[in-house]
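The file structure-v4.txt comes next; it holds compact mmCIF, C-alpha atoms.
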# COMPACT_ATOMS: atom_id res chain seq x y z
CA MET V 1 1.66 -8.63 0.13
CA GLY V 2 3.39 -11.96 0.38
CA ARG V 3 6.26 -13.91 1.80
CA ILE V 4 9.30 -14.34 -0.44
CA GLY V 5 12.03 -16.46 1.09
CA GLY V 6 12.67 -15.04 4.55
CA CYS V 7 11.39 -11.57 3.59
CA THR V 8 8.24 -9.73 2.55
CA GLY V 9 7.35 -8.64 -0.99
CA TRP V 10 4.45 -6.50 -2.15
CA LEU V 11 2.63 -5.78 -5.38
CA ILE V 12 2.58 -2.37 -7.09
CA SER V 13 0.62 -3.53 -10.16
CA GLU V 14 -0.96 -6.68 -11.56
CA ASP V 15 2.47 -8.35 -11.82
CA ALA V 16 5.22 -6.05 -10.45
CA PHE V 17 6.60 -6.49 -6.93
CA ILE V 18 9.03 -4.75 -4.59
CA THR V 19 11.17 -6.22 -1.81
CA ALA V 20 14.46 -5.44 -0.07
CA GLY V 21 17.65 -5.92 -2.10
CA HIS V 22 19.46 -7.63 0.77
CA CYS V 23 16.89 -10.44 0.58
CA GLY V 24 18.87 -11.82 -2.35
CA THR V 25 18.46 -12.34 -6.06
CA PRO V 26 15.56 -14.69 -6.85
CA SER V 27 16.13 -17.94 -8.74
CA SER V 28 13.81 -19.86 -11.05
CA SER V 29 12.43 -21.71 -8.01
CA THR V 30 11.62 -18.52 -6.03
CA ARG V 31 7.94 -17.99 -5.30
CA ILE V 32 5.99 -15.25 -3.56
CA HIS V 33 3.43 -16.84 -1.25
CA PHE V 34 0.29 -14.80 -0.62
CA VAL V 35 -0.67 -16.37 2.70
CA TYR V 36 -2.59 -15.21 5.75
CA GLY V 37 -1.27 -17.07 8.78
CA THR V 38 1.60 -19.52 8.98
CA GLY V 39 2.79 -22.17 6.55
CA SER V 40 2.93 -22.18 2.79
CA ALA V 41 0.30 -20.72 0.55
CA ALA V 42 -1.95 -22.97 -1.50
CA PRO V 43 -0.57 -23.53 -5.04
CA GLU V 44 -3.10 -21.03 -6.47
CA ASP V 45 -1.60 -18.32 -4.20
CA GLN V 46 2.04 -18.87 -5.22
CA TYR V 47 3.70 -16.94 -8.04
CA ALA V 48 7.08 -17.52 -9.66
CA VAL V 49 9.44 -14.60 -10.18
CA ASP V 50 10.24 -13.69 -13.78
CA VAL V 51 13.96 -13.86 -13.00
CA PRO V 52 15.25 -11.82 -16.01
CA SER V 53 12.98 -8.92 -14.98
CA TYR V 54 14.45 -8.67 -11.46
CA GLN V 55 16.78 -5.82 -10.53
CA GLY V 56 18.05 -5.03 -7.07
CA VAL V 57 20.75 -3.38 -4.97
CA ASN V 58 21.99 -4.39 -1.53
CA GLY V 59 23.63 -1.02 -0.82
CA GLY V 60 22.63 -0.41 2.80
CA VAL V 61 20.42 2.35 4.20
CA GLY V 62 18.90 4.44 1.42
CA ASN V 63 19.96 2.00 -1.32
CA ASP V 64 18.43 -1.39 -0.50
CA TRP V 65 15.77 -2.39 -2.99
CA GLY V 66 14.63 -5.14 -5.31
CA ALA V 67 11.91 -5.12 -7.97
CA GLY V 68 10.69 -7.47 -10.64
CA ARG V 69 7.73 -9.10 -12.28
CA LEU V 70 5.79 -12.20 -11.32
CA LEU V 71 4.57 -14.83 -13.76
CA PRO V 72 0.94 -15.95 -14.02
CA ASN V 73 -0.03 -18.62 -11.51
CA SER V 74 0.69 -22.15 -12.76
CA VAL V 75 -2.73 -23.39 -11.59
CA THR V 76 -5.11 -20.51 -12.37
CA GLY V 77 -3.21 -18.69 -15.14
CA LYS V 78 -3.97 -15.39 -13.38
CA LEU V 79 -1.52 -12.63 -12.60
CA PRO V 80 -1.12 -12.08 -8.85
CA GLY V 81 -2.67 -8.61 -8.77
CA VAL V 82 -5.74 -9.87 -10.65
CA ALA V 83 -6.19 -12.80 -8.23
CA GLN V 84 -5.60 -10.64 -5.14
CA SER V 85 -8.05 -8.00 -6.46
CA GLU V 86 -10.69 -10.71 -6.83
CA LYS V 87 -10.16 -11.61 -3.16
CA CYS V 88 -10.57 -8.01 -1.94
CA GLY V 89 -13.53 -7.37 -4.22
CA SER V 90 -12.63 -4.65 -6.71
CA SER V 91 -10.23 -3.96 -9.56
CA GLY V 92 -6.89 -2.60 -8.37
CA CYS V 93 -7.33 -3.33 -4.67
CA GLY V 94 -4.85 -6.23 -4.87
CA TRP V 95 -1.78 -4.01 -4.95
CA PHE V 96 -0.37 -0.89 -3.26
CA ASN V 97 -0.43 2.55 -4.80
CA LEU V 98 2.78 4.55 -4.46
CA GLY V 99 2.74 8.15 -3.26
CA PRO V 100 5.06 10.94 -2.17
CA VAL V 101 6.89 11.05 1.14
CA PRO V 102 5.22 13.70 3.33
CA SER V 103 7.04 17.03 3.53
CA THR V 104 6.91 17.02 7.34
CA THR V 105 6.85 14.43 10.12
CA SER V 106 4.15 16.28 12.10
CA GLY V 107 0.88 14.34 12.18
CA ASN V 108 2.15 11.58 9.90
CA ASN V 109 2.04 7.91 10.86
CA ILE V 110 3.52 4.85 9.24
CA ARG V 111 2.20 1.30 9.07
CA ILE V 112 4.51 -1.66 8.47
CA THR V 113 2.91 -5.02 7.71
CA GLY V 114 5.04 -8.02 6.92
CA TYR V 115 6.06 -11.56 7.78
CA GLY V 116 8.43 -10.91 10.68
CA VAL V 117 9.85 -13.57 12.94
CA ALA V 118 8.59 -13.62 16.53
CA ALA V 119 8.11 -15.90 19.52
CA VAL V 120 4.40 -16.19 18.66
CA ALA V 121 3.04 -16.77 15.13
CA SER V 122 6.48 -16.44 13.55
CA GLN V 123 6.43 -15.41 9.88
CA SER V 124 2.71 -14.76 9.93
CA GLN V 125 1.43 -11.35 8.87
CA LYS V 126 1.81 -8.70 11.59
CA THR V 127 1.23 -4.94 11.58
CA HIS V 128 2.97 -2.15 13.51
CA VAL V 129 1.84 1.52 13.42
CA GLY V 130 3.59 4.62 14.75
CA ALA V 131 4.95 8.07 14.03
CA LEU V 132 7.14 9.11 11.12
CA THR V 133 10.14 10.71 12.89
CA THR V 134 12.75 11.66 10.27
CA ILE V 135 12.69 12.48 6.57
CA GLY V 136 16.16 12.33 5.01
CA SER V 137 17.24 12.91 1.43
CA ASP V 138 17.19 9.17 0.69
CA TYR V 139 15.73 7.57 3.81
CA ILE V 140 12.97 7.85 6.39
CA ARG V 141 12.82 6.80 10.04
CA TYR V 142 9.78 5.84 12.04
CA VAL V 143 8.65 4.45 15.40
CA PRO V 144 7.08 1.12 14.29
CA ASP V 145 9.31 -1.77 15.24
CA THR V 146 10.17 -4.50 12.77
CA THR V 147 11.92 -7.86 12.98
CA GLY V 148 13.74 -10.12 10.56
CA GLY V 149 11.27 -11.17 7.86
CA ASN V 150 9.76 -7.67 7.70
CA SER V 151 12.54 -6.70 5.29
CA GLY V 152 10.94 -5.63 2.05
CA SER V 153 7.63 -4.71 3.70
CA PRO V 154 5.77 -1.68 2.38
CA VAL V 155 6.09 1.51 4.42
CA PHE V 156 2.51 2.73 4.29
CA HIS V 157 1.54 6.36 4.97
CA GLU V 158 -1.58 6.03 7.13
CA GLU V 159 -2.99 9.51 6.49
CA GLY V 160 -2.31 9.46 2.74
CA GLY V 161 -3.46 5.90 2.12
CA TYR V 162 -0.47 4.88 -0.02
CA ALA V 163 2.97 3.31 0.19
CA ILE V 164 5.98 5.62 0.43
CA GLY V 165 8.75 3.03 0.62
Give the structure from the file, written as structure tokens.
Amino acid sequence: MGRIGGCTGWLISEDAFITAGHCGTPSSSTRIHFVYGTGSAAPEDQYAVDVPSYQGVNGGVGNDWGAGRLLPNSVTGKLPGVAQSEKCGSSGCGWFNLGPVPSTTSGNNIRITGYGVAAVASQSQKTHVGALTTIGSDYIRYVPDTTGGNSGSPVFHEEGGYAIG
């Protein structure tokens, strides 16, 4: 997962990413920074958005999404998912797998990790875990708290081991 503007974006394949639609439409200068800590990522951990591939909607709860493709890194020539998989040690571990929303809230927990703003270590990667509380027809609610900058973060189903939103 990486920081894109003031939001969070995450990989779902070697080059496809998801974020929140209200984070705005990327321009040719938009980069996703795969960084652990504060500050900008090194040039080999920055990836430009393939702007024509981007689609998104800023339609409020239940309809707030953005998705697109990332270009190979200008220094290494690698796609982001390939480079991130090399860092975690096996093919395919550099992106999130998508899975179904659980059919019940009972016994299901959610993890949100993103680049939220805070009094300490602002816009560095933080994780919040808690219960899934509501499953609607086009939305879910959960206990983990988020702040500005977490927009676009993956909603990860702890028990299933995959992203659900």
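Nearest-residue note for Ile12 in chain V: choosing from V:Ser74, V:Ser27, V:Thr146, V:Asn97, the minimum distance belongs to V:Asn97, counting all atoms listed in the file.
Considering all atoms listed in the file, the residue among V:Arg141, V:Arg31, V:His157, V:Lys78 positioned nearest to Thr113 in chain V is V:His157.
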If we count all atoms listed in the file, what is near Cys93 in chain V at a cut-off of 10 Å, once residues fewer than 3 positions away on the same chain are taken out, given as a short mmCIF file (atom, residue, chain, number, x, y, z; two decimals) with C-alpha atoms, keeping the file's coordinate frame?
data_model
loop_
_atom_site.label_atom_id
_atom_site.label_comp_id
_atom_site.auth_asym_id
_atom_site.auth_seq_id
_atom_site.Cartn_x
_atom_site.Cartn_y
_atom_site.Cartn_z
CA SER V 13 0.62 -3.53 -10.16
CA GLU V 14 -0.96 -6.68 -11.56
CA GLY V 81 -2.67 -8.61 -8.77
CA VAL V 82 -5.74 -9.87 -10.65
CA GLN V 84 -5.60 -10.64 -5.14
CA SER V 85 -8.05 -8.00 -6.46
CA GLU V 86 -10.69 -10.71 -6.83
CA LYS V 87 -10.16 -11.61 -3.16
CA CYS V 88 -10.57 -8.01 -1.94
CA GLY V 89 -13.53 -7.37 -4.22
CA SER V 90 -12.63 -4.65 -6.71
CA PHE V 96 -0.37 -0.89 -3.26
CA ASN V 97 -0.43 2.55 -4.80
#
* In terms of the shortest atom-to-atom distance over only C-alpha atoms, which of V:Tyr142, V:Phe34, V:Trp95, V:Tyr54 is closest to Ile112 in chain V? -> V:Tyr142
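CA of Ala16 in chain V to CA of Asn73 in chain V spans 13.7 Å [interatomic distance, one decimal].
Comparing the minimum interatomic distances between Gly149 in chain V and each of V:Ile4, V:Val61, V:Leu11, V:Ala83, counting all atoms listed in the file, we find that V:Ile4 sits nearest.
Of the listed residues (V:Gly2, V:Phe156, V:Thr19, V:Cys7), V:Phe156 comes nearest to Leu98 in chain V; the distances count only C-alpha atoms.
The residue that comes closest to Ile110 in chain V, out of V:Gly77, V:Gly148, V:Gly165, V:Gly136 and on the basis of all atoms listed in the file, is V:Gly165.
Rounded to one decimal, CA of Gly114 in chain V and CA of Trp10 in chain V lie 9.2 Å from each other.
Reported to one decimal place, the separation of CA of Gly92 in chain V from CA of Ser153 in chain V is 19.0 Å.
Only residues having an atom at most 12 Å from (24.1, -3.0, -4.7) are included; using all atoms listed in the file, these are Ala20, Gly21, His22, Cys23, Gly24, Thr25, Gln55, Gly56, Val57, Asn58, Gly59, Gly60, Val61, Gly62, Asn63, Asp64, Trp65 and Gly66 of chain V.
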